[in-house]
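To keep things clear, I will list the structure first and then write my remarks on it.
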Amino acid sequence: MKNLLKKRRLDSHKGDYGRVGVIGGSTGMTGAPYLSTLASLRTGAGYAYTLVPSALENIMSIKVTEGIVRPIEDNGVGHFTMESLQDILMYIKNMDSIALGVGMGVDGDRTYIIREVIKAAKVPIVLDADAINCLSNTTHILDNHESSLIITPHPGELSKFLDISIEEIQKKRVYYSEYIAKKYNIIVVLKGHRTVVASPKSGIYINETGNPGMATAGSGDVLTGMIASLLAQGLNPFDATKLGVHLHGIAGDLAREKIGEYGMIASDIIANIPFAINSYSFKDEK
């Protein structure tokens, strides 16, 4: 795992470390894209662009000081609509990875947007939260995709996706993760204790880092941003995903050492991402 991280060249610049596009947000759910954006930067992305409904532009511009906020047409309703699609498709052309669905909300328009982004994107996409919920009744969207797709469900989201009980999924976490990975040719991250990462071609990785304090709102948004960041920096999808999961857990473990499990919040995990990365030895970049 440690060999996946490289030392940075002395003559490098921010353009060398990728552009992450975080697409999400809706009224009352600005925290999700904010956490993904900040996590992507803390994991080393050179740029992070936050694409949110235009009604949320002011609050996101205040929250996201190191990233770049791109307001998307929303007809003033505070969530993406059909009129949002063209702006989104224009912006993703310049991204190196995409984090899609965080805090987005669920309806027919947003399901259509997710489908069109998957069809149009030429770069890896991390599908989280409401993107997964939107796909639950339209799984055929995953049948044909040019870009690499990573989905990051918790057991409840996977239960809805497969229409089986959470209890059944928890009994066979590896089986169902691998089943979906192979059926749709995607990478699956089944979150929880000993998070499972399943690839249709590269096998299974079971994570051993992390702790119960990370069971807190926004923790999954942090993971989404971390994986998207590593993808934008050029790691292959399976390596980026398993490394993101591993570092996410280490950051949570470092937070526990400082504040314990009960009071941990998502921003505590983000604050410890650089320390998690610094705990590694880096290989020289060629």
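Chain labels A, B, ... are given in the sequence in which chains occur in the structure tokens; within each chain residues are numbered consecutively from 1, and ligands are likewise numbered from 1 in the order shown.
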
Counting only C-alpha atoms, which residues in range 2-22 of chain A sit no more than 6 Å from range 228-248 of chain A? For each one, give the nearest pair of atoms and the distance in Å, sorted by chain then residue number, as a Markdown table.
```
| residue | atom | partner | partner_atom | distance |
| --- | --- | --- | --- | --- |
| A:Tyr17 | CA | A:Gln233 | CA | 4.8 |
| A:Gly18 | CA | A:Ala232 | CA | 4.6 |
| A:Arg19 | CA | A:Ala232 | CA | 5.9 |
```

Go ahead and save the picked residues with C-alpha atoms, as a PDB file, in the first residue's frame.
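Output contents, as saved in out-v4.pdb:
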```
ATOM      1  CA  TYR A  17      -1.902  16.956  -8.991  1.00  0.00           C
ATOM      2  CA  GLY A  18      -5.216  16.872 -10.707  1.00  0.00           C
ATOM      3  CA  ARG A  19      -8.595  18.554 -10.844  1.00  0.00           C
TER       4      ARG A  19
END
```

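Neighbouring residues of Gly101 in chain A at 6 Å or closer, counting only C-alpha atoms and skipping chain neighbours under 3 positions away, are Gly24, Met104, Asp128, Ala129, Asp130 and Ala131 of chain A.
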
Kindly save the residues from that selection, with N, CA and C atoms included, as a PDB file, in the first residue's frame.
```pdb
ATOM      1  N   GLY A  24     -22.788  18.144  -6.423  1.00  0.00           N
ATOM      2  CA  GLY A  24     -23.801  17.780  -5.437  1.00  0.00           C
ATOM      3  C   GLY A  24     -24.357  18.994  -4.734  1.00  0.00           C
ATOM      4  N   MET A 104     -26.953  15.602  -2.994  1.00  0.00           N
ATOM      5  CA  MET A 104     -27.653  16.054  -4.193  1.00  0.00           C
ATOM      6  C   MET A 104     -29.164  15.976  -4.062  1.00  0.00           C
ATOM      7  N   ASP A 128     -21.626   8.407  -4.836  1.00  0.00           N
ATOM      8  CA  ASP A 128     -21.888   8.271  -3.407  1.00  0.00           C
ATOM      9  C   ASP A 128     -23.298   8.734  -3.083  1.00  0.00           C
ATOM     10  N   ALA A 129     -23.801   8.288  -1.960  1.00  0.00           N
ATOM     11  CA  ALA A 129     -25.012   8.822  -1.341  1.00  0.00           C
ATOM     12  C   ALA A 129     -26.182   8.860  -2.321  1.00  0.00           C
ATOM     13  N   ASP A 130     -26.662  10.058  -2.647  1.00  0.00           N
ATOM     14  CA  ASP A 130     -27.868  10.173  -3.451  1.00  0.00           C
ATOM     15  C   ASP A 130     -27.677   9.686  -4.877  1.00  0.00           C
ATOM     16  N   ALA A 131     -26.457   9.670  -5.371  1.00  0.00           N
ATOM     17  CA  ALA A 131     -26.229   9.073  -6.688  1.00  0.00           C
ATOM     18  C   ALA A 131     -26.572   7.590  -6.649  1.00  0.00           C
TER      19      ALA A 131
END
```

Please tabulate, as a Markdown table, the residues of range 208-229 of chain A that come within 6 Å of range 252-272 of chain A, each with its closest pair of atoms and the distance in Å to one decimal, counting only C-alpha atoms and ordering rows by chain, then residue number upward.
```
| residue | atom | partner | partner_atom | distance |
| --- | --- | --- | --- | --- |
| A:Gly210 | CA | A:Asp253 | CA | 5.6 |
| A:Gly213 | CA | A:Glu261 | CA | 4.0 |
| A:Gly218 | CA | A:Ala266 | CA | 5.3 |
| A:Ser219 | CA | A:Ala266 | CA | 5.0 |
```

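For the residues A:Gly103, A:Pro274, A:Gly192, A:Gly203, ranking by smallest atom-to-atom distance to Pro153 in chain A using only C-alpha atoms places A:Gly192 first.
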
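Ranking A:Ile23, A:Ile180, A:Ile114, A:Ala198 by their shortest atom-to-atom distance to Pro71 in chain A, with only C-alpha atoms included, puts A:Ile23 first.
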
Would you please give, as a PyMOL selection string, all residues of range 4-102 of chain A that DSSP assigns to strand (DSSP E or B) based on the backbone? chain A and resi 6+19-23+47-53+68-72+97-100

Expected file contents, prior selection, N, CA and C atoms, as an mmCIF file, in the first residue's frame:
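This went into part11.cif:
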```cif
data_model
loop_
_atom_site.group_PDB
_atom_site.id
_atom_site.type_symbol
_atom_site.label_atom_id
_atom_site.label_comp_id
_atom_site.auth_asym_id
_atom_site.auth_seq_id
_atom_site.Cartn_x
_atom_site.Cartn_y
_atom_site.Cartn_z
ATOM 1 N N LYS A 6 3.848 8.731 -3.885
ATOM 2 C CA LYS A 6 5.121 9.179 -4.445
ATOM 3 C C LYS A 6 5.559 10.498 -3.820
ATOM 4 N N ARG A 19 -7.402 17.736 -11.061
ATOM 5 C CA ARG A 19 -8.595 18.554 -10.844
ATOM 6 C C ARG A 19 -9.763 17.646 -10.480
ATOM 7 N N VAL A 20 -10.287 17.845 -9.291
ATOM 8 C CA VAL A 20 -11.441 17.078 -8.821
ATOM 9 C C VAL A 20 -12.698 17.916 -9.007
ATOM 10 N N GLY A 21 -13.733 17.318 -9.563
ATOM 11 C CA GLY A 21 -15.029 17.975 -9.659
ATOM 12 C C GLY A 21 -16.016 17.332 -8.698
ATOM 13 N N VAL A 22 -16.465 18.076 -7.708
ATOM 14 C CA VAL A 22 -17.459 17.590 -6.749
ATOM 15 C C VAL A 22 -18.823 18.121 -7.181
ATOM 16 N N ILE A 23 -19.734 17.228 -7.511
ATOM 17 C CA ILE A 23 -21.049 17.608 -8.025
ATOM 18 C C ILE A 23 -22.105 17.171 -7.022
ATOM 19 N N TYR A 47 -6.389 21.006 -7.537
ATOM 20 C CA TYR A 47 -7.582 21.854 -7.626
ATOM 21 C C TYR A 47 -8.804 21.043 -7.192
ATOM 22 N N ALA A 48 -9.770 21.725 -6.611
ATOM 23 C CA ALA A 48 -11.074 21.118 -6.355
ATOM 24 C C ALA A 48 -12.152 22.104 -6.764
ATOM 25 N N TYR A 49 -13.023 21.664 -7.640
ATOM 26 C CA TYR A 49 -14.139 22.477 -8.118
ATOM 27 C C TYR A 49 -15.428 21.924 -7.511
ATOM 28 N N THR A 50 -16.207 22.795 -6.897
ATOM 29 C CA THR A 50 -17.463 22.380 -6.285
ATOM 30 C C THR A 50 -18.611 22.901 -7.129
ATOM 31 N N LEU A 51 -19.310 21.996 -7.799
ATOM 32 C CA LEU A 51 -20.436 22.350 -8.658
ATOM 33 C C LEU A 51 -21.718 22.176 -7.856
ATOM 34 N N VAL A 52 -22.364 23.292 -7.536
ATOM 35 C CA VAL A 52 -23.567 23.265 -6.698
ATOM 36 C C VAL A 52 -24.675 24.090 -7.342
ATOM 37 N N PRO A 53 -25.938 23.847 -6.976
ATOM 38 C CA PRO A 53 -27.030 24.695 -7.458
ATOM 39 C C PRO A 53 -26.750 26.163 -7.154
ATOM 40 N N ILE A 68 -12.760 25.994 -5.627
ATOM 41 C CA ILE A 68 -13.384 26.874 -6.617
ATOM 42 C C ILE A 68 -14.848 26.472 -6.745
ATOM 43 N N VAL A 69 -15.746 27.402 -6.478
ATOM 44 C CA VAL A 69 -17.180 27.124 -6.537
ATOM 45 C C VAL A 69 -17.718 27.504 -7.909
ATOM 46 N N ARG A 70 -18.431 26.573 -8.530
ATOM 47 C CA ARG A 70 -19.072 26.828 -9.818
ATOM 48 C C ARG A 70 -20.592 26.726 -9.639
ATOM 49 N N PRO A 71 -21.303 27.859 -9.687
ATOM 50 C CA PRO A 71 -22.762 27.808 -9.551
ATOM 51 C C PRO A 71 -23.408 27.230 -10.809
ATOM 52 N N ILE A 72 -24.372 26.360 -10.600
ATOM 53 C CA ILE A 72 -25.053 25.679 -11.693
ATOM 54 C C ILE A 72 -26.520 26.109 -11.718
ATOM 55 N N SER A 97 -11.158 13.790 -12.273
ATOM 56 C CA SER A 97 -12.028 12.831 -11.596
ATOM 57 C C SER A 97 -13.276 13.572 -11.145
ATOM 58 N N ILE A 98 -14.311 12.802 -10.833
ATOM 59 C CA ILE A 98 -15.593 13.380 -10.441
ATOM 60 C C ILE A 98 -16.108 12.668 -9.198
ATOM 61 N N ALA A 99 -16.587 13.449 -8.234
ATOM 62 C CA ALA A 99 -17.330 12.922 -7.084
ATOM 63 C C ALA A 99 -18.777 13.332 -7.275
ATOM 64 N N LEU A 100 -19.662 12.373 -7.429
ATOM 65 C CA LEU A 100 -21.025 12.656 -7.874
ATOM 66 C C LEU A 100 -22.059 12.172 -6.861
#
```

Taking the backbone alone, and naming residues the way the document does, which bits of range 64-156 of chain A are helix (DSSP H, G or I) by DSSP, as a PyMOL selection string? chain A and resi 82-92+108-120+130-135+139-142+155-156

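Closest approach to Tyr34 in chain A among A:Pro124, A:Gly225, A:Gly78, A:Gly108 is made by A:Gly225 (distances from only C-alpha atoms).
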
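Using only C-alpha atoms, the protein and nucleic acid residues lying no more than 9 Å from Lys183 in chain A, apart from those fewer than 5 places from it along its own chain, are Asp143, Glu178 and Pro200 of chain A.
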
Might you pull out every residue within 12 Å of Asn278 in chain A, with only C-alpha atoms counted and same-chain residues fewer than 3 positions away left off, and present them as number ranges by chain? A: 2, 5-7, 42-44, 247, 250-251, 254, 272-275, 281-282

Just the residues within 9 Å of Arg115 in chain A, please, counting only C-alpha atoms, with nothing from its chain fewer than 5 positions along; format it as a PyMOL selection string. chain A and resi 110+120+135+141-142

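Across the structure, CA of Asp163 in chain A and CA of Ile227 in chain A are spaced 26.7 Å apart.
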
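Ranking A:Gly15, A:Gly28, A:Pro33, A:Gly156 by their shortest atom-to-atom distance to Thr224 in chain A, with only C-alpha atoms included, puts A:Pro33 first.
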